[in-house]
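Chemist: Sending over run34.cif (mmCIF, C-alpha atoms and all ligand atoms).
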```cif
data_input
#
loop_
_atom_site.label_atom_id
_atom_site.label_comp_id
_atom_site.auth_asym_id
_atom_site.auth_seq_id
_atom_site.Cartn_x
_atom_site.Cartn_y
_atom_site.Cartn_z
CA MET Q 237 7.98 25.42 18.38
CA ALA Q 238 7.19 25.80 14.71
CA LEU Q 239 3.94 26.51 12.88
CA HIS Q 240 3.36 24.58 9.67
CA ARG Q 241 0.62 24.40 7.12
CA SER Q 242 -0.18 21.92 4.40
CA ARG Q 243 -3.02 20.49 2.40
CA ALA Q 244 -4.03 17.23 4.08
CA VAL Q 245 -6.53 14.34 4.18
CA VAL Q 246 -7.82 12.80 7.42
CA ILE Q 247 -6.73 9.15 7.28
CA GLY Q 248 -7.54 8.03 10.84
CA ARG Q 249 -8.71 9.22 14.22
CA LYS Q 250 -9.54 8.04 17.69
CA ALA Q 251 -10.79 9.46 20.97
CA LEU Q 252 -8.14 10.70 23.36
CA GLY Q 253 -8.79 11.53 27.01
CA GLU Q 254 -12.12 13.14 27.87
CA SER Q 255 -12.65 15.46 24.95
CA ASP Q 256 -9.62 15.39 22.62
CA ARG Q 257 -9.01 13.53 19.42
CA LEU Q 258 -5.90 11.87 18.09
CA VAL Q 259 -5.97 12.47 14.33
CA GLU Q 260 -3.83 11.03 11.57
CA PHE Q 261 -3.40 13.11 8.42
CA TYR Q 262 -1.69 12.38 5.14
CA THR Q 263 -0.28 15.77 4.15
CA ARG Q 264 1.08 16.92 0.82
CA ASP Q 265 4.18 18.55 2.26
CA PHE Q 266 5.08 16.44 5.31
CA GLY Q 267 3.74 12.95 4.57
CA LYS Q 268 1.96 11.30 7.48
CA VAL Q 269 1.42 13.60 10.46
CA ARG Q 270 -0.24 12.55 13.72
CA GLY Q 271 -1.56 15.13 16.12
CA VAL Q 272 -3.87 16.02 18.95
CA ALA Q 273 -6.95 18.13 18.26
CA LYS Q 274 -7.76 19.66 21.63
CA SER Q 275 -11.41 19.56 22.74
CA ALA Q 276 -12.41 18.22 19.30
CA ARG Q 277 -15.14 16.05 20.82
CA ARG Q 278 -16.86 18.96 22.56
CA PRO Q 279 -20.15 19.95 20.85
CA ARG Q 280 -19.05 23.50 20.11
CA SER Q 281 -15.53 22.62 19.04
CA ARG Q 282 -14.14 24.50 16.04
CA PHE Q 283 -13.27 21.08 14.61
CA VAL Q 284 -16.90 19.88 14.48
CA ALA Q 285 -17.38 17.73 11.34
CA ALA Q 286 -13.96 18.73 10.00
CA LEU Q 287 -12.10 15.68 11.26
CA GLU Q 288 -14.22 13.01 9.57
CA PRO Q 289 -12.21 10.37 7.67
CA PHE Q 290 -11.42 11.24 4.00
CA THR Q 291 -11.92 14.99 4.55
CA LEU Q 292 -9.56 17.11 2.44
CA GLY Q 293 -8.56 20.40 3.99
CA ASP Q 294 -5.90 22.93 4.89
CA LEU Q 295 -4.11 21.86 8.03
CA VAL Q 296 -2.27 24.22 10.38
CA PHE Q 297 -0.28 22.55 13.14
CA PHE Q 298 2.31 23.29 15.78
CA ASP Q 299 5.35 21.12 16.02
CA THR Q 300 6.44 21.35 19.65
CA GLY Q 301 9.64 19.44 18.94
CA ARG Q 302 9.09 17.51 22.20
CA SER Q 303 6.78 14.78 20.89
CA GLU Q 304 6.09 12.92 17.67
CA LEU Q 305 2.50 14.19 18.06
CA VAL Q 306 1.84 17.68 16.77
CA ARG Q 307 -0.82 20.10 18.03
CA VAL Q 308 -3.59 20.54 15.48
CA ASP Q 309 -4.41 24.23 15.34
CA HIS Q 310 -6.80 24.52 12.38
CA PHE Q 311 -8.26 22.24 9.78
CA ASP Q 312 -10.34 24.08 7.21
CA ILE Q 313 -12.45 21.82 4.99
CA LEU Q 314 -11.88 22.04 1.25
CA HIS Q 315 -13.84 18.93 0.32
CA PRO Q 316 -15.46 16.49 2.78
CA PHE Q 317 -15.89 13.50 0.37
CA VAL Q 318 -19.23 12.82 2.05
CA ARG Q 319 -20.39 10.49 -0.73
CA VAL Q 320 -17.49 8.13 -0.04
CA ARG Q 321 -18.86 7.62 3.47
CA GLU Q 322 -22.47 7.15 2.39
CA HIS Q 323 -22.11 3.81 0.60
CA LEU Q 324 -20.73 0.63 2.17
CA GLU Q 325 -18.52 -0.54 -0.70
CA ARG Q 326 -17.13 2.97 -1.33
CA LEU Q 327 -16.60 3.43 2.40
CA GLY Q 328 -14.78 0.09 2.69
CA ARG Q 329 -12.53 0.70 -0.32
CA GLY Q 330 -11.86 4.27 0.80
CA ALA Q 331 -10.97 2.97 4.26
CA TRP Q 332 -8.56 0.50 2.64
CA THR Q 333 -6.75 3.27 0.74
CA VAL Q 334 -6.27 5.43 3.83
CA GLU Q 335 -5.29 2.38 5.89
CA CYS Q 336 -2.57 1.57 3.35
CA LEU Q 337 -1.04 5.01 3.88
CA ALA Q 338 -1.59 5.01 7.64
CA ARG Q 339 0.12 1.64 8.05
CA LEU Q 340 2.74 1.56 5.29
CA SER Q 341 4.11 5.10 5.28
CA ALA Q 342 6.46 6.53 7.90
CA ASP Q 343 5.75 9.70 9.91
CA ARG Q 344 7.08 12.91 8.31
CA ASP Q 345 8.24 11.27 5.10
CA PRO Q 346 6.96 13.71 2.44
CA HIS Q 347 5.69 12.12 -0.73
CA PRO Q 348 3.53 14.54 -2.76
CA ALA Q 349 2.86 11.86 -5.42
CA LEU Q 350 1.22 9.62 -2.79
CA PHE Q 351 -0.86 12.55 -1.57
CA GLY Q 352 -1.99 13.23 -5.15
CA LEU Q 353 -2.82 9.55 -5.62
CA LEU Q 354 -4.94 9.52 -2.45
CA VAL Q 355 -6.96 12.58 -3.52
CA ARG Q 356 -7.46 11.18 -7.05
CA SER Q 357 -8.67 7.90 -5.56
CA LEU Q 358 -11.18 9.63 -3.27
CA ARG Q 359 -12.44 11.69 -6.22
CA ALA Q 360 -12.87 8.53 -8.32
CA LEU Q 361 -14.73 6.78 -5.47
CA GLU Q 362 -17.02 9.77 -5.10
CA GLY Q 363 -17.50 10.07 -8.84
CA GLY Q 364 -19.01 6.61 -9.15
CA THR Q 365 -16.18 4.49 -10.60
CA SER Q 366 -16.37 0.88 -9.41
CA PRO Q 367 -14.89 1.01 -5.87
CA ALA Q 368 -12.95 -2.23 -6.42
CA ARG Q 369 -11.35 -0.82 -9.60
CA VAL Q 370 -10.35 2.37 -7.77
CA ALA Q 371 -8.72 0.20 -5.09
CA VAL Q 372 -6.80 -1.81 -7.71
CA CYS Q 373 -5.53 1.32 -9.52
CA PHE Q 374 -4.62 2.93 -6.19
CA GLY Q 375 -2.95 -0.28 -4.97
CA VAL Q 376 -0.77 -0.76 -8.07
CA ARG Q 377 0.57 2.79 -7.76
CA ALA Q 378 0.75 3.00 -3.97
CA VAL Q 379 2.77 -0.21 -3.61
CA ASP Q 380 5.14 1.15 -6.24
CA LEU Q 381 5.46 4.63 -4.65
CA LEU Q 382 5.96 3.11 -1.20
CA GLY Q 383 9.00 1.31 -2.55
CA HIS Q 384 7.62 -2.24 -2.79
CA ARG Q 385 7.13 -2.59 -6.56
CA PRO Q 386 7.05 -6.35 -7.23
CA ARG Q 387 9.05 -7.66 -10.18
CA ILE Q 388 6.65 -9.28 -12.67
CA ASP Q 389 8.79 -9.64 -15.81
CA ARG Q 390 10.70 -12.70 -14.61
CA CYS Q 391 11.04 -15.23 -11.79
CA VAL Q 392 12.94 -13.54 -8.96
CA GLU Q 393 14.61 -16.86 -8.07
CA CYS Q 394 15.82 -18.34 -11.40
CA GLY Q 395 15.39 -15.42 -13.78
CA ARG Q 396 13.02 -17.25 -16.14
CA ALA Q 397 11.10 -14.73 -18.28
CA SER Q 398 7.39 -14.27 -17.59
CA PRO Q 399 4.76 -15.42 -18.50
CA PHE Q 400 5.16 -18.96 -17.17
CA PRO Q 401 2.58 -21.43 -15.83
CA ASP Q 402 1.94 -21.77 -12.09
CA ALA Q 403 3.26 -18.28 -11.33
CA VAL Q 404 2.87 -17.04 -7.77
CA LEU Q 405 3.58 -13.61 -6.31
CA ASP Q 406 5.92 -13.80 -3.34
CA VAL Q 407 5.71 -10.33 -1.80
CA GLU Q 408 8.61 -10.88 0.61
CA ALA Q 409 10.84 -12.16 -2.22
CA GLY Q 410 9.91 -9.08 -4.28
CA GLY Q 411 8.07 -10.58 -7.24
CA LEU Q 412 6.92 -13.53 -9.31
CA VAL Q 413 8.22 -17.03 -8.67
CA CYS Q 414 7.83 -19.85 -11.21
CA GLY Q 415 6.42 -23.33 -10.52
CA PRO Q 416 9.75 -25.21 -10.29
CA CYS Q 417 11.13 -22.57 -7.85
CA GLY Q 418 8.00 -22.86 -5.64
CA PRO Q 419 5.94 -23.85 -3.76
CA ARG Q 420 6.09 -21.38 -0.94
CA ALA Q 421 3.90 -20.36 1.96
CA HIS Q 422 1.85 -17.13 1.74
CA ALA Q 423 2.48 -16.68 -1.99
CA ILE Q 424 -0.42 -15.35 -4.09
CA PRO Q 425 -1.36 -17.40 -7.22
CA LEU Q 426 -1.49 -15.26 -10.34
CA SER Q 427 -2.88 -16.07 -13.81
CA GLY Q 428 -1.01 -15.01 -16.96
CA GLY Q 429 -3.87 -12.57 -17.65
CA ALA Q 430 -3.42 -10.92 -14.25
CA VAL Q 431 0.34 -10.56 -14.74
CA GLY Q 432 -0.22 -8.95 -18.13
CA THR Q 433 -2.89 -6.58 -16.80
CA LEU Q 434 -0.74 -5.50 -13.85
CA GLY Q 435 1.98 -4.62 -16.35
CA ARG Q 436 -0.53 -2.67 -18.47
CA LEU Q 437 -1.92 -0.78 -15.48
CA ARG Q 438 1.58 0.41 -14.60
CA GLY Q 439 1.92 1.97 -18.04
CA LEU Q 440 -1.55 3.51 -18.40
CA SER Q 441 -2.63 6.93 -17.20
CA TRP Q 442 -4.85 7.09 -14.10
CA GLU Q 443 -8.02 7.69 -16.14
CA GLU Q 444 -7.16 4.94 -18.64
CA GLY Q 445 -6.62 2.49 -15.79
CA LEU Q 446 -9.99 3.30 -14.26
CA ARG Q 447 -11.71 2.67 -17.61
CA LEU Q 448 -9.72 -0.35 -18.84
CA PRO Q 449 -12.29 -3.01 -19.82
CA LEU Q 450 -11.66 -6.23 -17.88
CA SER Q 451 -13.67 -9.41 -17.45
CA PRO Q 452 -15.38 -9.72 -14.04
CA ALA Q 453 -13.12 -12.70 -13.24
CA LEU Q 454 -9.93 -10.75 -13.97
CA ASP Q 455 -11.25 -7.72 -12.09
CA GLU Q 456 -11.89 -9.91 -9.06
CA GLU Q 457 -8.52 -11.66 -9.34
CA LEU Q 458 -6.64 -8.33 -9.46
CA THR Q 459 -8.57 -7.04 -6.45
CA GLY Q 460 -7.49 -10.16 -4.54
CA VAL Q 461 -3.86 -9.81 -5.67
CA LEU Q 462 -3.63 -6.18 -4.50
CA GLU Q 463 -5.45 -6.93 -1.24
CA GLY Q 464 -3.09 -9.86 -0.67
CA THR Q 465 0.01 -7.79 -1.47
CA VAL Q 466 -0.95 -5.03 0.97
CA THR Q 467 -1.88 -7.56 3.65
CA ARG Q 468 1.57 -9.19 3.29
CA LEU Q 469 3.29 -5.79 3.50
CA MET Q 470 1.32 -4.86 6.61
CA GLY Q 471 1.86 -8.24 8.22
CA GLN Q 472 -1.84 -8.56 9.07
CA VAL Q 473 -5.28 -8.29 7.53
CA PRO Q 474 -6.34 -4.60 7.39
CA ARG Q 475 -9.43 -3.65 9.39
CA SER Q 476 -11.04 -2.28 6.22
CA LEU Q 477 -10.94 -5.74 4.59
CA ARG Q 478 -12.63 -7.29 7.61
CA PHE Q 479 -15.31 -4.61 7.27
CA LEU Q 480 -15.74 -5.31 3.54
CA ALA Q 481 -16.01 -9.04 4.23
CA GLN Q 482 -18.81 -8.36 6.72
CA THR Q 483 -20.74 -6.26 4.20
CA ARG Q 484 -20.67 -9.22 1.80
CA ARG Q 485 -21.94 -11.77 4.28
CA PRO Q 486 -25.01 -13.44 2.73
CA LEU Q 487 -28.25 -12.37 4.30
CA PRO Q 488 -29.95 -15.02 6.45
CA PRO Q 489 -32.71 -16.97 4.68
CA VAL Q 490 -36.21 -15.64 5.15
CA LEU Q 491 -38.57 -18.10 6.82
CA SER Q 492 -41.75 -18.57 4.85
ZN ZN T 1 12.02 -19.76 -11.10
#
```
Turn the structure described in the file into structure tokens.

Modeler:
Amino acid sequence: MALHRSRAVVIGRKALGESDRLVEFYTRDFGKVRGVAKSARRPRSRFVAALEPFTLGDLVFFDTGRSELVRVDHFDILHPFVRVREHLERLGRGAWTVECLARLSADRDPHPALFGLLVRSLRALEGGTSPARVAVCFGVRAVDLLGHRPRIDRCVECGRASPFPDAVLDVEAGGLVCGPCGPRAHAIPLSGGAVGTLGRLRGLSWEEGLRLPLSPALDEELTGVLEGTVTRLMGQVPRSLRFLAQTRRPLPPVLS
């Protein structure tokens, strides 16, 4: 039995038994850690309000060595990121970032750069940057850090140098594929402008990426490309994207 501590963000949770909670954290020092917070759903629990999604805190946990689930001992709030939860678009994009880490990272695989990226993304969402832009900048870096960086400088099949017309991104193949080497199922169409901007975003600093002026059409295309890439890597549509789609459903017409 070992006691550990690390800075951590709550990336998921669900009810367990009568009064416990199963909580997923992304920690700076241990990567993804899943644990049981005993009696967390009781009104006078010491965890009250601390285990809300996106909350940044100091986590203390016991590793019993007998289960992949740890025992959550303490979680002291450093920053709750309340404003991320108070706005539908911010909430949906924030949920997408934590879902990426919950689904695409392995348990106990420490990656301090991913932890730093998550906290920067939550800060940017809270600070009022366009939520979709935060998601794009997070997505470009997260896919890279998780080891799935797609090749965009040439066709991964024939080696033809990019840019070329009718480019598609084939996530499983690991990058761009040119028209003559396609067509292929599940590939994501990509304009020359989007390929160029993805390349630029990789080279820019975090702040520069958040502020890079882009046309609304290109902004929207990049959002779709990153959403599509992550969906392919996960093998299914993330719950957060279903939620975002619902928030955009047109309101029913008002009868006059
Ligand atoms: Zn080709």

Chemist: Please measure the separation of CA of Thr467 in chain Q and CA of Asp389 in chain Q, giving the value in Å to one decimal.

Modeler: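 One can read the CA of Thr467 in chain Q to CA of Asp389 in chain Q distance as 22.3 Å.
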
Chemist: Return as CSV the residues of chain Q lying at most 7 Å from ligand ZN 1 (chain T), together with the closest atom-to-atom pair for each and the distance in Å to one decimal, counting only C-alpha atoms and all ligand atoms, with rows in chain order and ascending residue number.

Modeler:
```
residue,atom,partner,partner_atom,distance
Q:Cys391,CA,T:ZN1,ZN,4.7
Q:Val392,CA,T:ZN1,ZN,6.6
Q:Glu393,CA,T:ZN1,ZN,4.9
Q:Cys394,CA,T:ZN1,ZN,4.1
Q:Gly395,CA,T:ZN1,ZN,6.1
Q:Arg396,CA,T:ZN1,ZN,5.7
Q:Val413,CA,T:ZN1,ZN,5.3
Q:Cys414,CA,T:ZN1,ZN,4.2
Q:Gly415,CA,T:ZN1,ZN,6.7
Q:Pro416,CA,T:ZN1,ZN,6.0
Q:Cys417,CA,T:ZN1,ZN,4.4
```

Chemist: Could you save those same residues with C-alpha atoms as a short mmCIF file (atom, residue, chain, number, x, y, z; two decimals), in the coordinates of the input?

Modeler:
```
data_model
loop_
_atom_site.label_atom_id
_atom_site.label_comp_id
_atom_site.auth_asym_id
_atom_site.auth_seq_id
_atom_site.Cartn_x
_atom_site.Cartn_y
_atom_site.Cartn_z
CA CYS Q 391 11.04 -15.23 -11.79
CA VAL Q 392 12.94 -13.54 -8.96
CA GLU Q 393 14.61 -16.86 -8.07
CA CYS Q 394 15.82 -18.34 -11.40
CA GLY Q 395 15.39 -15.42 -13.78
CA ARG Q 396 13.02 -17.25 -16.14
CA VAL Q 413 8.22 -17.03 -8.67
CA CYS Q 414 7.83 -19.85 -11.21
CA GLY Q 415 6.42 -23.33 -10.52
CA PRO Q 416 9.75 -25.21 -10.29
CA CYS Q 417 11.13 -22.57 -7.85
#
```

Chemist: Please list as a PyMOL selection string every residue within 7 Å of range 262-270 of chain Q, counting all atoms listed in the file and excluding residues in the same chain fewer than 6 positions away.

Modeler: chain Q and resi 242-247+305-306+341-348+351

Chemist: What gap, in Å, lies between CA of Phe298 in chain Q and CA of Leu239 in chain Q?

Modeler: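 CA of Leu239 in chain Q lies at a distance of 4.6 Å from CA of Phe298 in chain Q.
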
Chemist: Between Q:Ala423, Q:Gly293, Q:Pro386, Q:Leu434, which one has atoms that come closest to Gly411 in chain Q, using all atoms listed in the file?

Modeler: Q:Pro386

Chemist: Nearest to Ala276 in chain Q among Q:Glu335, Q:Asp294, Q:Glu288, Q:Asp256, with distances taken over all atoms listed in the file: which residue is it?

Modeler: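 Of Q:Glu335, Q:Asp294, Q:Glu288, Q:Asp256, the one nearest Ala276 in chain Q is Q:Asp256, counting all atoms listed in the file.
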
Chemist: In terms of the shortest atom-to-atom distance over all atoms listed in the file, which of Q:Leu340, Q:Leu314, Q:Leu446, Q:Ala397 is closest to Arg369 in chain Q?

Modeler: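 Between Q:Leu340, Q:Leu314, Q:Leu446, Q:Ala397, the residue approaching Arg369 in chain Q most closely is Q:Leu446.
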
Chemist: Please identify all polymer residues within 10 Å of Leu324 in chain Q, counting all atoms listed in the file, omitting same-chain residues fewer than 4 positions from it, and present them as a list in words.

Modeler: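 The residues that qualify are Val320, Gly328, Arg329, Gly330, Pro367, Phe479, Leu480, Thr483 and Arg484 of chain Q.
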
Chemist: Check the smallest atom-to-atom distance from each of Q:Ser357, Q:Ser427, Q:Ser366, Q:Thr333 to Trp442 in chain Q using only C-alpha atoms, then report the winner.

Modeler: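 So, comparing all the options, the nearest one is Q:Ser357.
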
Chemist: For a test of reading the model, state the distance in Å between CA of Phe374 in chain Q and CA of Val284 in chain Q, rounded to one decimal.

Modeler: 29.4 Å

Chemist: Return as JSON the box centre and box size in Å, one decimal, for an axis-aligned box around all listed atoms of range 435-454 of chain Q padded by 5 Å per side.

Modeler:
```
{"center_x": -6.7, "center_y": -2.5, "center_z": -16.5, "size_x": 27.4, "size_y": 30.4, "size_z": 16.6}
```

Chemist: Find, counting only C-alpha atoms, the residue in Q:Glu325, Q:Leu337, Q:Thr300, Q:Pro316 that gets nearest to Ala481 in chain Q.

Modeler: Q:Glu325

Chemist: Tell me which of Q:Gly271, Q:Gly375, Q:Gly363, Q:Pro449 sits closest to Leu469 in chain Q, counting only C-alpha atoms.

Modeler: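 For Leu469 in chain Q, the nearest of the candidates is Q:Gly375.
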
Chemist: Would you list the contacts of Arg278 in chain Q as a CSV table (one decimal) with C-alpha atoms, in the frame of the given file, taking every protein, DNA or RNA residue within 10 Å and counting all atoms listed in the file, but skipping same-chain residues closer than 3 positions in sequence?

Modeler:
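Once written, out.csv looks like this:
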```csv
chain,number,residue,atom,x,y,z
Q,254,GLU,CA,-12.1,13.1,27.9
Q,255,SER,CA,-12.6,15.5,25.0
Q,256,ASP,CA,-9.6,15.4,22.6
Q,274,LYS,CA,-7.8,19.7,21.6
Q,275,SER,CA,-11.4,19.6,22.7
Q,281,SER,CA,-15.5,22.6,19.0
Q,282,ARG,CA,-14.1,24.5,16.0
Q,283,PHE,CA,-13.3,21.1,14.6
Q,284,VAL,CA,-16.9,19.9,14.5
```

Chemist: Applying 7 Å and only C-alpha atoms, which residues near Ala273 in chain Q remain after dropping the ones on its own chain fewer than 5 positions away? List them as a list in words.

Modeler: Asp256, Arg257, Leu258, Val259, Arg307 and Val308 of chain Q

Chemist: Residues at most 12 Å from Gln472 in chain Q, counting all atoms listed in the file, excluding those fewer than 3 positions away in the same chain, as a PyMOL selection string?

Modeler: chain Q and resi 335-336+339-340+422+463-469+475-478
